[in-house]
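Here's the structure we're looking at; comments come further down.
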Amino acid sequence: MTRPKLWVAFDCESTGFPPQGRLIEIAAVAFFPDGTEPFLPFQQFVRPPVPIPDEITELTGLTNDKVQHSDSAVEVLSQFRQWLPASATAVAHNLPFDLAILATEHAVFARELSRQAVDSLPIARVLGEFPNHRLTTIARTLGLSTEGAHRALADARLVKQLVLHSFRRGLPAACPELFSTGGQND
């Protein structure tokens with residue numbers, strides 16, 4: 001009997017857009033195709049080397065005071081790397097953004113992660129059920145709570161729900177290229 005494939009939905013919050021934006025929070029949820037989570041999620045604040053802009057605080061609720069005693073990005077990404085199962089397929093919504101933020105902090109890790117990662121944005125586009133492809137719009141359309149949106153753990157959980165929805169709709173069989181990482185995890 002083969003075991004089900006393990007997925008990891010992850011999300012990054014940052015001080016802005018790459019390449020100037022710096023990581024301020026990362027979170028991830030591991031799950032199987034039936035939705036069960038085999039272990040606790042990963043969630044860490046990051047102390048950025050630049051102040052968090054007011055517009056980011058308004059969007060995320062994250063403040064300089066909240067992250068000032070957190071570990072550096074290198075330390076947090078080392079912890080995330082240890083938490084992340086090598087056999088898992090990682091998935092993020094608008095993956096190039098998250099990878100660019102991670103590359104600003106740790107280029108080697110971002111490159112490694114890109115080999116085992118899938119973007120949920122094209123998945124949402126192919127599903128064709130959403131008025132736009134913002135994660136909060138997708139959540140509302142699927143009847144999910146948007147409480148905590150624009151925080152890494154809440155957004156990672158929304159990505160998980162989007163992927164599970166695509167599984168229920170049979171999308172991996174219909175469009176396997178959307179779920180291919182190009183790495184060794186297929």
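Each chain in the structure tokens gets a letter, A, B, ..., in the order shown, and its residues are numbered from 1; ligands are numbered from 1 in order too.
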
Determine, for each residue of stretch 16-61 of chain A having at least one atom at most 6 Å from an atom of stretch 68-74 of chain A, the closest pair of atoms and their separation in Å to one decimal, counting only C-alpha atoms; order by chain and ascending number, as a Markdown table.
```
| residue | atom | partner | partner_atom | distance |
| --- | --- | --- | --- | --- |
| A:Phe45 | CA | A:Ser70 | CA | 5.9 |
| A:Val46 | CA | A:Ser70 | CA | 5.3 |
| A:Arg47 | CA | A:Ser70 | CA | 5.1 |
```

Residue selection dump (all heavy atoms) as an mmCIF file, in the first residue's frame:
```
data_model
loop_
_atom_site.group_PDB
_atom_site.id
_atom_site.type_symbol
_atom_site.label_atom_id
_atom_site.label_comp_id
_atom_site.auth_asym_id
_atom_site.auth_seq_id
_atom_site.Cartn_x
_atom_site.Cartn_y
_atom_site.Cartn_z
ATOM 1 N N PHE A 45 7.583 34.530 13.685
ATOM 2 C CA PHE A 45 7.855 35.909 13.307
ATOM 3 C C PHE A 45 9.342 36.014 12.999
ATOM 4 O O PHE A 45 10.145 35.218 13.467
ATOM 5 C CB PHE A 45 7.518 36.876 14.439
ATOM 6 C CG PHE A 45 6.060 36.953 14.761
ATOM 7 C CD1 PHE A 45 5.635 36.841 16.074
ATOM 8 C CD2 PHE A 45 5.112 37.145 13.775
ATOM 9 C CE1 PHE A 45 4.290 36.922 16.390
ATOM 10 C CE2 PHE A 45 3.762 37.223 14.086
ATOM 11 C CZ PHE A 45 3.362 37.113 15.401
ATOM 12 N N VAL A 46 9.696 37.036 12.233
ATOM 13 C CA VAL A 46 11.081 37.291 11.864
ATOM 14 C C VAL A 46 11.391 38.751 12.179
ATOM 15 O O VAL A 46 10.574 39.633 11.906
ATOM 16 C CB VAL A 46 11.304 37.025 10.352
ATOM 17 C CG1 VAL A 46 12.713 37.408 9.930
ATOM 18 C CG2 VAL A 46 11.005 35.576 10.025
ATOM 19 N N ARG A 47 12.555 38.975 12.738
ATOM 20 C CA ARG A 47 13.008 40.343 13.003
ATOM 21 C C ARG A 47 13.682 40.860 11.733
ATOM 22 O O ARG A 47 14.790 40.445 11.385
ATOM 23 C CB ARG A 47 13.996 40.343 14.180
ATOM 24 C CG ARG A 47 14.464 41.726 14.593
ATOM 25 C CD ARG A 47 15.533 41.671 15.678
ATOM 26 N NE ARG A 47 16.759 41.052 15.181
ATOM 27 C CZ ARG A 47 17.211 39.857 15.528
ATOM 28 N NH1 ARG A 47 16.569 39.117 16.384
ATOM 29 N NH2 ARG A 47 18.351 39.386 15.006
#
```

Show me a table, sorted first by chain and then by increasing residue number, of the residues of stretch 58-151 of chain A having an atom at most 12 Å from stretch 11-26 of chain A, each with its shortest atom pair and the distance in Å to one decimal, counting only C-alpha atoms and written as a tab-separated table.
```
residue	atom	partner	partner_atom	distance
A:Glu58	CA	A:Thr15	CA	11.5
A:Leu59	CA	A:Glu13	CA	10.1
A:Thr60	CA	A:Glu13	CA	7.9
A:Gly61	CA	A:Glu13	CA	10.8
A:Leu62	CA	A:Ile24	CA	8.2
A:Thr63	CA	A:Ile24	CA	9.5
A:Asn64	CA	A:Ile24	CA	9.4
A:Asp65	CA	A:Ile24	CA	11.9
A:Lys66	CA	A:Ile24	CA	10.0
A:Val67	CA	A:Ile24	CA	7.4
A:Gln68	CA	A:Ile24	CA	10.1
A:His69	CA	A:Ile24	CA	11.8
A:Ser70	CA	A:Ile24	CA	9.2
A:Asp71	CA	A:Ile24	CA	10.0
A:Ser72	CA	A:Ile24	CA	9.2
A:Ala73	CA	A:Leu23	CA	6.7
A:Val74	CA	A:Leu23	CA	10.1
A:Glu75	CA	A:Leu23	CA	11.9
A:Val76	CA	A:Ile26	CA	8.4
A:Leu77	CA	A:Ile26	CA	8.6
A:Ser78	CA	A:Ile26	CA	11.9
A:Gln79	CA	A:Ile26	CA	10.8
A:Phe80	CA	A:Ile26	CA	8.5
A:Arg81	CA	A:Ile26	CA	11.6
A:Ala90	CA	A:Asp11	CA	10.2
A:Val91	CA	A:Asp11	CA	8.7
A:Ala92	CA	A:Asp11	CA	6.0
A:His93	CA	A:Asp11	CA	7.6
A:Asn94	CA	A:Asp11	CA	9.5
A:Leu95	CA	A:Asp11	CA	8.8
A:Pro96	CA	A:Pro18	CA	10.0
A:Phe97	CA	A:Pro18	CA	7.4
A:Asp98	CA	A:Cys12	CA	5.8
A:Leu99	CA	A:Cys12	CA	8.9
A:Ala100	CA	A:Pro18	CA	6.0
A:Ile101	CA	A:Pro18	CA	5.8
A:Leu102	CA	A:Leu23	CA	7.1
A:Ala103	CA	A:Pro19	CA	8.7
A:Thr104	CA	A:Pro19	CA	6.4
A:Glu105	CA	A:Arg22	CA	7.3
A:His106	CA	A:Leu23	CA	10.5
A:Ala107	CA	A:Pro19	CA	11.9
A:Asp119	CA	A:Asp11	CA	11.3
A:Ser120	CA	A:Asp11	CA	11.4
A:Leu135	CA	A:Asp11	CA	11.2
A:Ala149	CA	A:Glu13	CA	10.8
A:His150	CA	A:Glu13	CA	7.3
A:Arg151	CA	A:Glu13	CA	6.7
```

Q: Go through stretch 27-142 of chain A and collect every residue that DSSP, computed from the backbone, puts in alpha helix (DSSP H); the answer should be as a PyMOL selection string.
A: chain A and resi 54-60+64-67+73-83+95-105+107-114+120-127+135-141

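Rounded to one decimal, atom CA of A:Val159 and atom CA of A:Val29 lie 9.3 Å from each other.
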
Q | Among listed residues A:Gln161, A:Val126, A:Pro131, A:Ala152, nearest A:Glu177 (using only C-alpha atoms) | A |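 For A:Glu177, the nearest of the given residues is A:Val126.
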
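Residues of stretch 5-185 of chain A carrying a DSSP assignment of strand (DSSP E or B), computed from the backbone, are Trp7, Val8, Ala9, Phe10, Asp11, Cys12, Glu13, Ser14, Leu23, Ile24, Glu25, Ile26, Ala27, Ala28, Val29, Ala30, Phe31, Phe42, Gln43, Gln44, Phe45, Thr89, Ala90, Val91, Ala92, Ala117, Val118 and Asp119 of chain A.
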
Q) If we count only C-alpha atoms, what is near stretch 162-174 of chain A at a cut-off of 9 Å, once residues fewer than 2 positions away on the same chain are taken out, given as JSON, numbers by chain? A) {"A": [9, 33, 34, 35, 91, 120, 123, 124, 126, 127, 135, 138, 139, 142, 157, 158, 159, 160, 176, 177, 178, 179]}

(Q) Please report the interatomic distance between atom CA of A:Thr146 and atom CA of A:Gln116 in Å with one decimal. (A)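 About the pair atom CA of A:Thr146 and atom CA of A:Gln116: they are 27.3 Å apart.
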
Q. Separation of atom CA of A:Ala28 and atom CA of A:Thr57, in Å?
A. 20.9 Å

Q. Of the residues A:Asp155, A:Trp7, A:Glu112, A:Ala30, which is the one nearest to A:Thr137, using only C-alpha atoms?
A.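 Closest to A:Thr137, using only C-alpha atoms: A:Asp155.
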